[in-house]
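**Student:** Next comes data04.pdb, PDB, N, CA and C atoms, pLDDT in the B column:
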```
ATOM      1  N   MET A   1      -2.909 -17.296  -3.161  1.00 45.00           N
ATOM      2  CA  MET A   1      -2.581 -15.952  -2.754  1.00 45.00           C
ATOM      3  C   MET A   1      -2.867 -15.753  -1.266  1.00 45.00           C
ATOM      4  N   LYS A   2      -2.597 -16.740  -0.479  1.00 46.00           N
ATOM      5  CA  LYS A   2      -2.832 -16.647   0.955  1.00 46.00           C
ATOM      6  C   LYS A   2      -2.014 -15.528   1.584  1.00 46.00           C
ATOM      7  N   GLU A   3      -0.836 -15.217   1.006  1.00 50.00           N
ATOM      8  CA  GLU A   3      -0.002 -14.166   1.561  1.00 50.00           C
ATOM      9  C   GLU A   3      -0.714 -12.817   1.568  1.00 50.00           C
ATOM     10  N   LEU A   4      -1.657 -12.639   0.667  1.00 51.00           N
ATOM     11  CA  LEU A   4      -2.322 -11.341   0.518  1.00 51.00           C
ATOM     12  C   LEU A   4      -3.561 -11.199   1.377  1.00 51.00           C
ATOM     13  N   GLU A   5      -3.835 -12.192   2.220  1.00 53.00           N
ATOM     14  CA  GLU A   5      -5.042 -12.138   3.025  1.00 53.00           C
ATOM     15  C   GLU A   5      -4.908 -11.240   4.249  1.00 53.00           C
ATOM     16  N   LEU A   6      -3.701 -10.753   4.500  1.00 54.00           N
ATOM     17  CA  LEU A   6      -3.494  -9.800   5.579  1.00 54.00           C
ATOM     18  C   LEU A   6      -4.258  -8.532   5.248  1.00 54.00           C
ATOM     19  N   THR A   7      -4.973  -7.997   6.207  1.00 53.00           N
ATOM     20  CA  THR A   7      -5.710  -6.761   5.962  1.00 53.00           C
ATOM     21  C   THR A   7      -5.042  -5.618   6.691  1.00 53.00           C
ATOM     22  N   ALA A   8      -5.387  -4.423   6.301  1.00 48.00           N
ATOM     23  CA  ALA A   8      -4.816  -3.234   6.933  1.00 48.00           C
ATOM     24  C   ALA A   8      -5.158  -3.191   8.415  1.00 48.00           C
ATOM     25  N   ALA A   9      -6.264  -3.796   8.812  1.00 50.00           N
ATOM     26  CA  ALA A   9      -6.668  -3.814  10.214  1.00 50.00           C
ATOM     27  C   ALA A   9      -5.639  -4.553  11.067  1.00 50.00           C
ATOM     28  N   HIS A  10      -4.917  -5.491  10.470  1.00 53.00           N
ATOM     29  CA  HIS A  10      -3.911  -6.249  11.200  1.00 53.00           C
ATOM     30  C   HIS A  10      -2.550  -5.555  11.178  1.00 53.00           C
ATOM     31  N   SER A  11      -2.438  -4.475  10.443  1.00 49.00           N
ATOM     32  CA  SER A  11      -1.168  -3.783  10.276  1.00 49.00           C
ATOM     33  C   SER A  11      -1.089  -2.600  11.228  1.00 49.00           C
ATOM     34  N   PRO A  12       0.085  -2.334  11.734  1.00 52.00           N
ATOM     35  CA  PRO A  12       0.222  -1.130  12.562  1.00 52.00           C
ATOM     36  C   PRO A  12      -0.060   0.108  11.713  1.00 52.00           C
ATOM     37  N   GLU A  13      -0.904   0.980  12.202  1.00 56.00           N
ATOM     38  CA  GLU A  13      -1.311   2.139  11.411  1.00 56.00           C
ATOM     39  C   GLU A  13      -0.137   3.022  11.023  1.00 56.00           C
ATOM     40  N   ALA A  14       0.798   3.194  11.915  1.00 63.00           N
ATOM     41  CA  ALA A  14       1.888   4.120  11.641  1.00 63.00           C
ATOM     42  C   ALA A  14       2.955   3.520  10.727  1.00 63.00           C
ATOM     43  N   ASP A  15       2.952   2.233  10.528  1.00 87.00           N
ATOM     44  CA  ASP A  15       3.967   1.602   9.679  1.00 87.00           C
ATOM     45  C   ASP A  15       3.483   1.575   8.236  1.00 87.00           C
ATOM     46  N   LEU A  16       3.721   2.656   7.539  1.00 93.00           N
ATOM     47  CA  LEU A  16       3.254   2.786   6.162  1.00 93.00           C
ATOM     48  C   LEU A  16       3.981   1.841   5.215  1.00 93.00           C
ATOM     49  N   ASN A  17       5.134   1.353   5.628  1.00 93.00           N
ATOM     50  CA  ASN A  17       5.876   0.422   4.782  1.00 93.00           C
ATOM     51  C   ASN A  17       5.105  -0.873   4.558  1.00 93.00           C
ATOM     52  N   VAL A  18       4.249  -1.239   5.491  1.00 94.00           N
ATOM     53  CA  VAL A  18       3.451  -2.459   5.344  1.00 94.00           C
ATOM     54  C   VAL A  18       2.556  -2.351   4.111  1.00 94.00           C
ATOM     55  N   TYR A  19       1.964  -1.192   3.896  1.00 95.00           N
ATOM     56  CA  TYR A  19       1.082  -0.994   2.747  1.00 95.00           C
ATOM     57  C   TYR A  19       1.858  -1.109   1.436  1.00 95.00           C
ATOM     58  N   MET A  20       3.064  -0.551   1.432  1.00 95.00           N
ATOM     59  CA  MET A  20       3.889  -0.636   0.236  1.00 95.00           C
ATOM     60  C   MET A  20       4.313  -2.086  -0.011  1.00 95.00           C
ATOM     61  N   GLU A  21       4.729  -2.773   1.038  1.00 95.00           N
ATOM     62  CA  GLU A  21       5.147  -4.167   0.899  1.00 95.00           C
ATOM     63  C   GLU A  21       4.008  -5.053   0.406  1.00 95.00           C
ATOM     64  N   MET A  22       2.815  -4.842   0.931  1.00 95.00           N
ATOM     65  CA  MET A  22       1.676  -5.655   0.507  1.00 95.00           C
ATOM     66  C   MET A  22       1.311  -5.351  -0.943  1.00 95.00           C
ATOM     67  N   GLY A  23       1.395  -4.080  -1.340  1.00 96.00           N
ATOM     68  CA  GLY A  23       1.154  -3.721  -2.737  1.00 96.00           C
ATOM     69  C   GLY A  23       2.194  -4.337  -3.648  1.00 96.00           C
ATOM     70  N   ASN A  24       3.439  -4.304  -3.220  1.00 96.00           N
ATOM     71  CA  ASN A  24       4.513  -4.904  -4.008  1.00 96.00           C
ATOM     72  C   ASN A  24       4.328  -6.410  -4.134  1.00 96.00           C
ATOM     73  N   GLU A  25       3.889  -7.034  -3.061  1.00 97.00           N
ATOM     74  CA  GLU A  25       3.648  -8.482  -3.081  1.00 97.00           C
ATOM     75  C   GLU A  25       2.514  -8.819  -4.052  1.00 97.00           C
ATOM     76  N   ALA A  26       1.473  -8.002  -4.035  1.00 97.00           N
ATOM     77  CA  ALA A  26       0.332  -8.234  -4.926  1.00 97.00           C
ATOM     78  C   ALA A  26       0.753  -8.114  -6.391  1.00 97.00           C
ATOM     79  N   ILE A  27       1.533  -7.097  -6.706  1.00 95.00           N
ATOM     80  CA  ILE A  27       1.941  -6.904  -8.105  1.00 95.00           C
ATOM     81  C   ILE A  27       2.891  -8.003  -8.540  1.00 95.00           C
ATOM     82  N   LYS A  28       3.670  -8.527  -7.597  1.00 96.00           N
ATOM     83  CA  LYS A  28       4.575  -9.630  -7.918  1.00 96.00           C
ATOM     84  C   LYS A  28       3.785 -10.844  -8.417  1.00 96.00           C
ATOM     85  N   TYR A  29       2.565 -11.013  -7.904  1.00 95.00           N
ATOM     86  CA  TYR A  29       1.698 -12.109  -8.330  1.00 95.00           C
ATOM     87  C   TYR A  29       0.768 -11.697  -9.471  1.00 95.00           C
ATOM     88  N   GLY A  30       0.961 -10.491  -9.992  1.00 94.00           N
ATOM     89  CA  GLY A  30       0.195 -10.034 -11.137  1.00 94.00           C
ATOM     90  C   GLY A  30      -1.180  -9.475 -10.805  1.00 94.00           C
ATOM     91  N   ASP A  31      -1.439  -9.212  -9.542  1.00 96.00           N
ATOM     92  CA  ASP A  31      -2.752  -8.714  -9.130  1.00 96.00           C
ATOM     93  C   ASP A  31      -2.713  -7.195  -9.008  1.00 96.00           C
ATOM     94  N   GLU A  32      -2.906  -6.514 -10.147  1.00 96.00           N
ATOM     95  CA  GLU A  32      -2.840  -5.057 -10.173  1.00 96.00           C
ATOM     96  C   GLU A  32      -3.930  -4.407  -9.330  1.00 96.00           C
ATOM     97  N   SER A  33      -5.115  -4.991  -9.318  1.00 96.00           N
ATOM     98  CA  SER A  33      -6.226  -4.445  -8.552  1.00 96.00           C
ATOM     99  C   SER A  33      -5.921  -4.466  -7.050  1.00 96.00           C
ATOM    100  N   GLU A  34      -5.409  -5.582  -6.578  1.00 97.00           N
ATOM    101  CA  GLU A  34      -5.042  -5.700  -5.162  1.00 97.00           C
ATOM    102  C   GLU A  34      -3.906  -4.741  -4.821  1.00 97.00           C
ATOM    103  N   CYS A  35      -2.957  -4.619  -5.714  1.00 97.00           N
ATOM    104  CA  CYS A  35      -1.840  -3.704  -5.522  1.00 97.00           C
ATOM    105  C   CYS A  35      -2.344  -2.269  -5.380  1.00 97.00           C
ATOM    106  N   LEU A  36      -3.238  -1.872  -6.267  1.00 97.00           N
ATOM    107  CA  LEU A  36      -3.802  -0.524  -6.227  1.00 97.00           C
ATOM    108  C   LEU A  36      -4.537  -0.275  -4.904  1.00 97.00           C
ATOM    109  N   LYS A  37      -5.232  -1.293  -4.414  1.00 97.00           N
ATOM    110  CA  LYS A  37      -5.937  -1.147  -3.131  1.00 97.00           C
ATOM    111  C   LYS A  37      -4.958  -0.872  -1.997  1.00 97.00           C
ATOM    112  N   TRP A  38      -3.846  -1.612  -1.953  1.00 97.00           N
ATOM    113  CA  TRP A  38      -2.865  -1.419  -0.889  1.00 97.00           C
ATOM    114  C   TRP A  38      -2.194  -0.061  -0.996  1.00 97.00           C
ATOM    115  N   TYR A  39      -1.818   0.324  -2.203  1.00 97.00           N
ATOM    116  CA  TYR A  39      -1.188   1.632  -2.372  1.00 97.00           C
ATOM    117  C   TYR A  39      -2.166   2.757  -2.012  1.00 97.00           C
ATOM    118  N   SER A  40      -3.424   2.589  -2.358  1.00 97.00           N
ATOM    119  CA  SER A  40      -4.433   3.602  -2.028  1.00 97.00           C
ATOM    120  C   SER A  40      -4.641   3.696  -0.518  1.00 97.00           C
ATOM    121  N   LYS A  41      -4.639   2.554   0.153  1.00 96.00           N
ATOM    122  CA  LYS A  41      -4.755   2.555   1.618  1.00 96.00           C
ATOM    123  C   LYS A  41      -3.543   3.246   2.236  1.00 96.00           C
ATOM    124  N   GLY A  42      -2.379   2.981   1.676  1.00 96.00           N
ATOM    125  CA  GLY A  42      -1.166   3.631   2.163  1.00 96.00           C
ATOM    126  C   GLY A  42      -1.217   5.129   1.979  1.00 96.00           C
ATOM    127  N   LEU A  43      -1.714   5.565   0.822  1.00 97.00           N
ATOM    128  CA  LEU A  43      -1.849   6.998   0.557  1.00 97.00           C
ATOM    129  C   LEU A  43      -2.830   7.640   1.535  1.00 97.00           C
ATOM    130  N   ALA A  44      -3.947   6.993   1.757  1.00 96.00           N
ATOM    131  CA  ALA A  44      -4.950   7.533   2.689  1.00 96.00           C
ATOM    132  C   ALA A  44      -4.375   7.621   4.107  1.00 96.00           C
ATOM    133  N   MET A  45      -3.645   6.603   4.518  1.00 95.00           N
ATOM    134  CA  MET A  45      -3.067   6.614   5.855  1.00 95.00           C
ATOM    135  C   MET A  45      -1.976   7.678   5.962  1.00 95.00           C
ATOM    136  N   ALA A  46      -1.165   7.845   4.915  1.00 95.00           N
ATOM    137  CA  ALA A  46      -0.135   8.884   4.920  1.00 95.00           C
ATOM    138  C   ALA A  46      -0.762  10.266   5.049  1.00 95.00           C
ATOM    139  N   ARG A  47      -1.869  10.461   4.369  1.00 96.00           N
ATOM    140  CA  ARG A  47      -2.580  11.745   4.479  1.00 96.00           C
ATOM    141  C   ARG A  47      -3.114  11.932   5.894  1.00 96.00           C
ATOM    142  N   GLN A  48      -3.666  10.866   6.453  1.00 94.00           N
ATOM    143  CA  GLN A  48      -4.217  10.932   7.807  1.00 94.00           C
ATOM    144  C   GLN A  48      -3.118  11.248   8.824  1.00 94.00           C
ATOM    145  N   LEU A  49      -1.944  10.661   8.610  1.00 92.00           N
ATOM    146  CA  LEU A  49      -0.816  10.882   9.518  1.00 92.00           C
ATOM    147  C   LEU A  49      -0.033  12.156   9.181  1.00 92.00           C
ATOM    148  N   LYS A  50      -0.464  12.831   8.116  1.00 94.00           N
ATOM    149  CA  LYS A  50       0.192  14.067   7.660  1.00 94.00           C
ATOM    150  C   LYS A  50       1.685  13.834   7.415  1.00 94.00           C
ATOM    151  N   ASN A  51       1.938  12.822   6.588  1.00 93.00           N
ATOM    152  CA  ASN A  51       3.310  12.460   6.234  1.00 93.00           C
ATOM    153  C   ASN A  51       3.510  12.752   4.746  1.00 93.00           C
ATOM    154  N   PRO A  52       3.994  13.972   4.406  1.00 95.00           N
ATOM    155  CA  PRO A  52       4.091  14.366   2.989  1.00 95.00           C
ATOM    156  C   PRO A  52       5.046  13.495   2.166  1.00 95.00           C
ATOM    157  N   GLU A  53       6.111  12.997   2.785  1.00 95.00           N
ATOM    158  CA  GLU A  53       7.046  12.148   2.039  1.00 95.00           C
ATOM    159  C   GLU A  53       6.369  10.861   1.575  1.00 95.00           C
ATOM    160  N   LYS A  54       5.615  10.236   2.479  1.00 95.00           N
ATOM    161  CA  LYS A  54       4.933   8.985   2.125  1.00 95.00           C
ATOM    162  C   LYS A  54       3.748   9.255   1.187  1.00 95.00           C
ATOM    163  N   GLU A  55       3.106  10.414   1.352  1.00 96.00           N
ATOM    164  CA  GLU A  55       2.030  10.786   0.426  1.00 96.00           C
ATOM    165  C   GLU A  55       2.588  10.829  -0.994  1.00 96.00           C
ATOM    166  N   HIS A  56       3.731  11.476  -1.141  1.00 97.00           N
ATOM    167  CA  HIS A  56       4.370  11.597  -2.451  1.00 97.00           C
ATOM    168  C   HIS A  56       4.757  10.209  -2.980  1.00 97.00           C
ATOM    169  N   LEU A  57       5.319   9.379  -2.114  1.00 96.00           N
ATOM    170  CA  LEU A  57       5.733   8.038  -2.505  1.00 96.00           C
ATOM    171  C   LEU A  57       4.534   7.222  -3.015  1.00 96.00           C
ATOM    172  N   PHE A  58       3.457   7.169  -2.228  1.00 97.00           N
ATOM    173  CA  PHE A  58       2.287   6.378  -2.636  1.00 97.00           C
ATOM    174  C   PHE A  58       1.631   6.965  -3.876  1.00 97.00           C
ATOM    175  N   SER A  59       1.605   8.282  -4.000  1.00 97.00           N
ATOM    176  CA  SER A  59       1.053   8.900  -5.197  1.00 97.00           C
ATOM    177  C   SER A  59       1.838   8.465  -6.429  1.00 97.00           C
ATOM    178  N   ASN A  60       3.158   8.462  -6.324  1.00 96.00           N
ATOM    179  CA  ASN A  60       3.999   8.034  -7.440  1.00 96.00           C
ATOM    180  C   ASN A  60       3.815   6.559  -7.765  1.00 96.00           C
ATOM    181  N   LEU A  61       3.690   5.736  -6.735  1.00 96.00           N
ATOM    182  CA  LEU A  61       3.468   4.302  -6.969  1.00 96.00           C
ATOM    183  C   LEU A  61       2.154   4.068  -7.716  1.00 96.00           C
ATOM    184  N   ILE A  62       1.119   4.805  -7.325  1.00 96.00           N
ATOM    185  CA  ILE A  62      -0.194   4.668  -7.977  1.00 96.00           C
ATOM    186  C   ILE A  62      -0.118   5.145  -9.429  1.00 96.00           C
ATOM    187  N   ILE A  63       0.526   6.272  -9.648  1.00 96.00           N
ATOM    188  CA  ILE A  63       0.658   6.803 -11.006  1.00 96.00           C
ATOM    189  C   ILE A  63       1.426   5.827 -11.884  1.00 96.00           C
ATOM    190  N   THR A  64       2.498   5.273 -11.347  1.00 93.00           N
ATOM    191  CA  THR A  64       3.299   4.312 -12.096  1.00 93.00           C
ATOM    192  C   THR A  64       2.492   3.067 -12.423  1.00 93.00           C
ATOM    193  N   LEU A  65       1.670   2.627 -11.489  1.00 91.00           N
ATOM    194  CA  LEU A  65       0.856   1.433 -11.691  1.00 91.00           C
ATOM    195  C   LEU A  65      -0.198   1.651 -12.764  1.00 91.00           C
ATOM    196  N   ILE A  66      -0.789   2.843 -12.772  1.00 88.00           N
ATOM    197  CA  ILE A  66      -1.853   3.147 -13.734  1.00 88.00           C
ATOM    198  C   ILE A  66      -1.223   3.441 -15.069  1.00 88.00           C
TER     199      ILE A  66
END
```
Take the structure in the file and give it back as structure tokens.
**Tutor:**
Amino acid sequence: MKELELTAAHSPEADLNVYMEMGNEAIKYGDESECLKWYSKGLAMARQLKNPEKEHLFSNLIITLI
């Protein structure tokens, strides 16, 4: 799972798609816990950036995952 070793610190803060892509990559490998972490980071960043569309998107992704 070397692909998942990228951390949010290496990702551009404003590019929320990175969080979604990393979560999607994690779930593709069956790692629900890692996926939830990425989606949660994306949700937190969307809230910080005051981006309601992405907040809604990440909230839905988390709900669907759970």
**Student:** Output, as AutoDock Vina command-line options, the centre and edge lengths in Å (one decimal) of the axis-aligned box that contains all listed atoms of stretch 39-56 of chain A with 6 Å of margin on each side.
**Tutor:**
```
--center_x 1.0 --center_y 7.3 --center_z 3.3 --size_x 24.0 --size_y 26.0 --size_z 24.5
```
**Student:** Tell me which of A:Val18, A:Leu65, A:Leu49, A:Ala44 sits closest to A:Gly30, counting only C-alpha atoms.
**Tutor:**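 Among the listed residues, the smallest separation from A:Gly30 belongs to A:Leu65.
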**Student:** What is the atom N of A:Met20-atom C of A:Lys37 distance in Å, reported with one decimal?
**Tutor:**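 Computed distance, atom N of A:Met20 to atom C of A:Lys37, equals 8.7 Å.
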**Student:** Expanded to explicit residues, what is the PyMOL selection byres (((chain A and resi 35 and name CA) around 10) and name CA) for this file, as a ChimeraX atom specification?
**Tutor:** /A:4,19-34,36-41,61-62,65
**Student:** Output the selection as a PDB file, keeping the file's coordinate frame - N, CA and C atoms for each residue.
**Tutor:**
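Printed below is again.pdb as written:
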```pdb
ATOM      1  N   LEU A   4      -1.657 -12.639   0.667  1.00 51.00           N
ATOM      2  CA  LEU A   4      -2.322 -11.341   0.518  1.00 51.00           C
ATOM      3  C   LEU A   4      -3.561 -11.199   1.377  1.00 51.00           C
ATOM      4  N   TYR A  19       1.964  -1.192   3.896  1.00 95.00           N
ATOM      5  CA  TYR A  19       1.082  -0.994   2.747  1.00 95.00           C
ATOM      6  C   TYR A  19       1.858  -1.109   1.436  1.00 95.00           C
ATOM      7  N   MET A  20       3.064  -0.551   1.432  1.00 95.00           N
ATOM      8  CA  MET A  20       3.889  -0.636   0.236  1.00 95.00           C
ATOM      9  C   MET A  20       4.313  -2.086  -0.011  1.00 95.00           C
ATOM     10  N   GLU A  21       4.729  -2.773   1.038  1.00 95.00           N
ATOM     11  CA  GLU A  21       5.147  -4.167   0.899  1.00 95.00           C
ATOM     12  C   GLU A  21       4.008  -5.053   0.406  1.00 95.00           C
ATOM     13  N   MET A  22       2.815  -4.842   0.931  1.00 95.00           N
ATOM     14  CA  MET A  22       1.676  -5.655   0.507  1.00 95.00           C
ATOM     15  C   MET A  22       1.311  -5.351  -0.943  1.00 95.00           C
ATOM     16  N   GLY A  23       1.395  -4.080  -1.340  1.00 96.00           N
ATOM     17  CA  GLY A  23       1.154  -3.721  -2.737  1.00 96.00           C
ATOM     18  C   GLY A  23       2.194  -4.337  -3.648  1.00 96.00           C
ATOM     19  N   ASN A  24       3.439  -4.304  -3.220  1.00 96.00           N
ATOM     20  CA  ASN A  24       4.513  -4.904  -4.008  1.00 96.00           C
ATOM     21  C   ASN A  24       4.328  -6.410  -4.134  1.00 96.00           C
ATOM     22  N   GLU A  25       3.889  -7.034  -3.061  1.00 97.00           N
ATOM     23  CA  GLU A  25       3.648  -8.482  -3.081  1.00 97.00           C
ATOM     24  C   GLU A  25       2.514  -8.819  -4.052  1.00 97.00           C
ATOM     25  N   ALA A  26       1.473  -8.002  -4.035  1.00 97.00           N
ATOM     26  CA  ALA A  26       0.332  -8.234  -4.926  1.00 97.00           C
ATOM     27  C   ALA A  26       0.753  -8.114  -6.391  1.00 97.00           C
ATOM     28  N   ILE A  27       1.533  -7.097  -6.706  1.00 95.00           N
ATOM     29  CA  ILE A  27       1.941  -6.904  -8.105  1.00 95.00           C
ATOM     30  C   ILE A  27       2.891  -8.003  -8.540  1.00 95.00           C
ATOM     31  N   LYS A  28       3.670  -8.527  -7.597  1.00 96.00           N
ATOM     32  CA  LYS A  28       4.575  -9.630  -7.918  1.00 96.00           C
ATOM     33  C   LYS A  28       3.785 -10.844  -8.417  1.00 96.00           C
ATOM     34  N   TYR A  29       2.565 -11.013  -7.904  1.00 95.00           N
ATOM     35  CA  TYR A  29       1.698 -12.109  -8.330  1.00 95.00           C
ATOM     36  C   TYR A  29       0.768 -11.697  -9.471  1.00 95.00           C
ATOM     37  N   GLY A  30       0.961 -10.491  -9.992  1.00 94.00           N
ATOM     38  CA  GLY A  30       0.195 -10.034 -11.137  1.00 94.00           C
ATOM     39  C   GLY A  30      -1.180  -9.475 -10.805  1.00 94.00           C
ATOM     40  N   ASP A  31      -1.439  -9.212  -9.542  1.00 96.00           N
ATOM     41  CA  ASP A  31      -2.752  -8.714  -9.130  1.00 96.00           C
ATOM     42  C   ASP A  31      -2.713  -7.195  -9.008  1.00 96.00           C
ATOM     43  N   GLU A  32      -2.906  -6.514 -10.147  1.00 96.00           N
ATOM     44  CA  GLU A  32      -2.840  -5.057 -10.173  1.00 96.00           C
ATOM     45  C   GLU A  32      -3.930  -4.407  -9.330  1.00 96.00           C
ATOM     46  N   SER A  33      -5.115  -4.991  -9.318  1.00 96.00           N
ATOM     47  CA  SER A  33      -6.226  -4.445  -8.552  1.00 96.00           C
ATOM     48  C   SER A  33      -5.921  -4.466  -7.050  1.00 96.00           C
ATOM     49  N   GLU A  34      -5.409  -5.582  -6.578  1.00 97.00           N
ATOM     50  CA  GLU A  34      -5.042  -5.700  -5.162  1.00 97.00           C
ATOM     51  C   GLU A  34      -3.906  -4.741  -4.821  1.00 97.00           C
ATOM     52  N   LEU A  36      -3.238  -1.872  -6.267  1.00 97.00           N
ATOM     53  CA  LEU A  36      -3.802  -0.524  -6.227  1.00 97.00           C
ATOM     54  C   LEU A  36      -4.537  -0.275  -4.904  1.00 97.00           C
ATOM     55  N   LYS A  37      -5.232  -1.293  -4.414  1.00 97.00           N
ATOM     56  CA  LYS A  37      -5.937  -1.147  -3.131  1.00 97.00           C
ATOM     57  C   LYS A  37      -4.958  -0.872  -1.997  1.00 97.00           C
ATOM     58  N   TRP A  38      -3.846  -1.612  -1.953  1.00 97.00           N
ATOM     59  CA  TRP A  38      -2.865  -1.419  -0.889  1.00 97.00           C
ATOM     60  C   TRP A  38      -2.194  -0.061  -0.996  1.00 97.00           C
ATOM     61  N   TYR A  39      -1.818   0.324  -2.203  1.00 97.00           N
ATOM     62  CA  TYR A  39      -1.188   1.632  -2.372  1.00 97.00           C
ATOM     63  C   TYR A  39      -2.166   2.757  -2.012  1.00 97.00           C
ATOM     64  N   SER A  40      -3.424   2.589  -2.358  1.00 97.00           N
ATOM     65  CA  SER A  40      -4.433   3.602  -2.028  1.00 97.00           C
ATOM     66  C   SER A  40      -4.641   3.696  -0.518  1.00 97.00           C
ATOM     67  N   LYS A  41      -4.639   2.554   0.153  1.00 96.00           N
ATOM     68  CA  LYS A  41      -4.755   2.555   1.618  1.00 96.00           C
ATOM     69  C   LYS A  41      -3.543   3.246   2.236  1.00 96.00           C
ATOM     70  N   LEU A  61       3.690   5.736  -6.735  1.00 96.00           N
ATOM     71  CA  LEU A  61       3.468   4.302  -6.969  1.00 96.00           C
ATOM     72  C   LEU A  61       2.154   4.068  -7.716  1.00 96.00           C
ATOM     73  N   ILE A  62       1.119   4.805  -7.325  1.00 96.00           N
ATOM     74  CA  ILE A  62      -0.194   4.668  -7.977  1.00 96.00           C
ATOM     75  C   ILE A  62      -0.118   5.145  -9.429  1.00 96.00           C
ATOM     76  N   LEU A  65       1.670   2.627 -11.489  1.00 91.00           N
ATOM     77  CA  LEU A  65       0.856   1.433 -11.691  1.00 91.00           C
ATOM     78  C   LEU A  65      -0.198   1.651 -12.764  1.00 91.00           C
TER      79      LEU A  65
END
```
**Student:** In Å, how far is it from atom CA of A:Lys54 to atom C of A:Gly42?
**Tutor:**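 For atom CA of A:Lys54 relative to atom C of A:Gly42, the distance reads 7.3 Å.
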**Student:** Separation of atom N of A:Ala46 and atom CA of A:Ile66, in Å?
**Tutor:**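 Separation between atom N of A:Ala46 and atom CA of A:Ile66: 19.2 Å.
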**Student:** Kindly output stretch 37-51 of chain A as a PDB file, in the frame of the given file, after building N, CA, C and O atoms.
**Tutor:**
```
ATOM      1  N   LYS A  37      -5.232  -1.293  -4.414  1.00 97.00           N
ATOM      2  CA  LYS A  37      -5.937  -1.147  -3.131  1.00 97.00           C
ATOM      3  C   LYS A  37      -4.958  -0.872  -1.997  1.00 97.00           C
ATOM      4  O   LYS A  37      -5.189   0.005  -1.168  1.00 97.00           O
ATOM      5  N   TRP A  38      -3.846  -1.612  -1.953  1.00 97.00           N
ATOM      6  CA  TRP A  38      -2.865  -1.419  -0.889  1.00 97.00           C
ATOM      7  C   TRP A  38      -2.194  -0.061  -0.996  1.00 97.00           C
ATOM      8  O   TRP A  38      -2.015   0.629   0.010  1.00 97.00           O
ATOM      9  N   TYR A  39      -1.818   0.324  -2.203  1.00 97.00           N
ATOM     10  CA  TYR A  39      -1.188   1.632  -2.372  1.00 97.00           C
ATOM     11  C   TYR A  39      -2.166   2.757  -2.012  1.00 97.00           C
ATOM     12  O   TYR A  39      -1.778   3.747  -1.406  1.00 97.00           O
ATOM     13  N   SER A  40      -3.424   2.589  -2.358  1.00 97.00           N
ATOM     14  CA  SER A  40      -4.433   3.602  -2.028  1.00 97.00           C
ATOM     15  C   SER A  40      -4.641   3.696  -0.518  1.00 97.00           C
ATOM     16  O   SER A  40      -4.785   4.790   0.031  1.00 97.00           O
ATOM     17  N   LYS A  41      -4.639   2.554   0.153  1.00 96.00           N
ATOM     18  CA  LYS A  41      -4.755   2.555   1.618  1.00 96.00           C
ATOM     19  C   LYS A  41      -3.543   3.246   2.236  1.00 96.00           C
ATOM     20  O   LYS A  41      -3.670   3.996   3.208  1.00 96.00           O
ATOM     21  N   GLY A  42      -2.379   2.981   1.676  1.00 96.00           N
ATOM     22  CA  GLY A  42      -1.166   3.631   2.163  1.00 96.00           C
ATOM     23  C   GLY A  42      -1.217   5.129   1.979  1.00 96.00           C
ATOM     24  O   GLY A  42      -0.838   5.892   2.878  1.00 96.00           O
ATOM     25  N   LEU A  43      -1.714   5.565   0.822  1.00 97.00           N
ATOM     26  CA  LEU A  43      -1.849   6.998   0.557  1.00 97.00           C
ATOM     27  C   LEU A  43      -2.830   7.640   1.535  1.00 97.00           C
ATOM     28  O   LEU A  43      -2.547   8.696   2.109  1.00 97.00           O
ATOM     29  N   ALA A  44      -3.947   6.993   1.757  1.00 96.00           N
ATOM     30  CA  ALA A  44      -4.950   7.533   2.689  1.00 96.00           C
ATOM     31  C   ALA A  44      -4.375   7.621   4.107  1.00 96.00           C
ATOM     32  O   ALA A  44      -4.587   8.625   4.805  1.00 96.00           O
ATOM     33  N   MET A  45      -3.645   6.603   4.518  1.00 95.00           N
ATOM     34  CA  MET A  45      -3.067   6.614   5.855  1.00 95.00           C
ATOM     35  C   MET A  45      -1.976   7.678   5.962  1.00 95.00           C
ATOM     36  O   MET A  45      -1.873   8.364   6.981  1.00 95.00           O
ATOM     37  N   ALA A  46      -1.165   7.845   4.915  1.00 95.00           N
ATOM     38  CA  ALA A  46      -0.135   8.884   4.920  1.00 95.00           C
ATOM     39  C   ALA A  46      -0.762  10.266   5.049  1.00 95.00           C
ATOM     40  O   ALA A  46      -0.252  11.122   5.773  1.00 95.00           O
ATOM     41  N   ARG A  47      -1.869  10.461   4.369  1.00 96.00           N
ATOM     42  CA  ARG A  47      -2.580  11.745   4.479  1.00 96.00           C
ATOM     43  C   ARG A  47      -3.114  11.932   5.894  1.00 96.00           C
ATOM     44  O   ARG A  47      -3.028  13.020   6.459  1.00 96.00           O
ATOM     45  N   GLN A  48      -3.666  10.866   6.453  1.00 94.00           N
ATOM     46  CA  GLN A  48      -4.217  10.932   7.807  1.00 94.00           C
ATOM     47  C   GLN A  48      -3.118  11.248   8.824  1.00 94.00           C
ATOM     48  O   GLN A  48      -3.333  12.005   9.765  1.00 94.00           O
ATOM     49  N   LEU A  49      -1.944  10.661   8.610  1.00 92.00           N
ATOM     50  CA  LEU A  49      -0.816  10.882   9.518  1.00 92.00           C
ATOM     51  C   LEU A  49      -0.033  12.156   9.181  1.00 92.00           C
ATOM     52  O   LEU A  49       0.935  12.476   9.864  1.00 92.00           O
ATOM     53  N   LYS A  50      -0.464  12.831   8.116  1.00 94.00           N
ATOM     54  CA  LYS A  50       0.192  14.067   7.660  1.00 94.00           C
ATOM     55  C   LYS A  50       1.685  13.834   7.415  1.00 94.00           C
ATOM     56  O   LYS A  50       2.542  14.554   7.928  1.00 94.00           O
ATOM     57  N   ASN A  51       1.938  12.822   6.588  1.00 93.00           N
ATOM     58  CA  ASN A  51       3.310  12.460   6.234  1.00 93.00           C
ATOM     59  C   ASN A  51       3.510  12.752   4.746  1.00 93.00           C
ATOM     60  O   ASN A  51       3.237  11.910   3.894  1.00 93.00           O
TER      61      ASN A  51
END
```
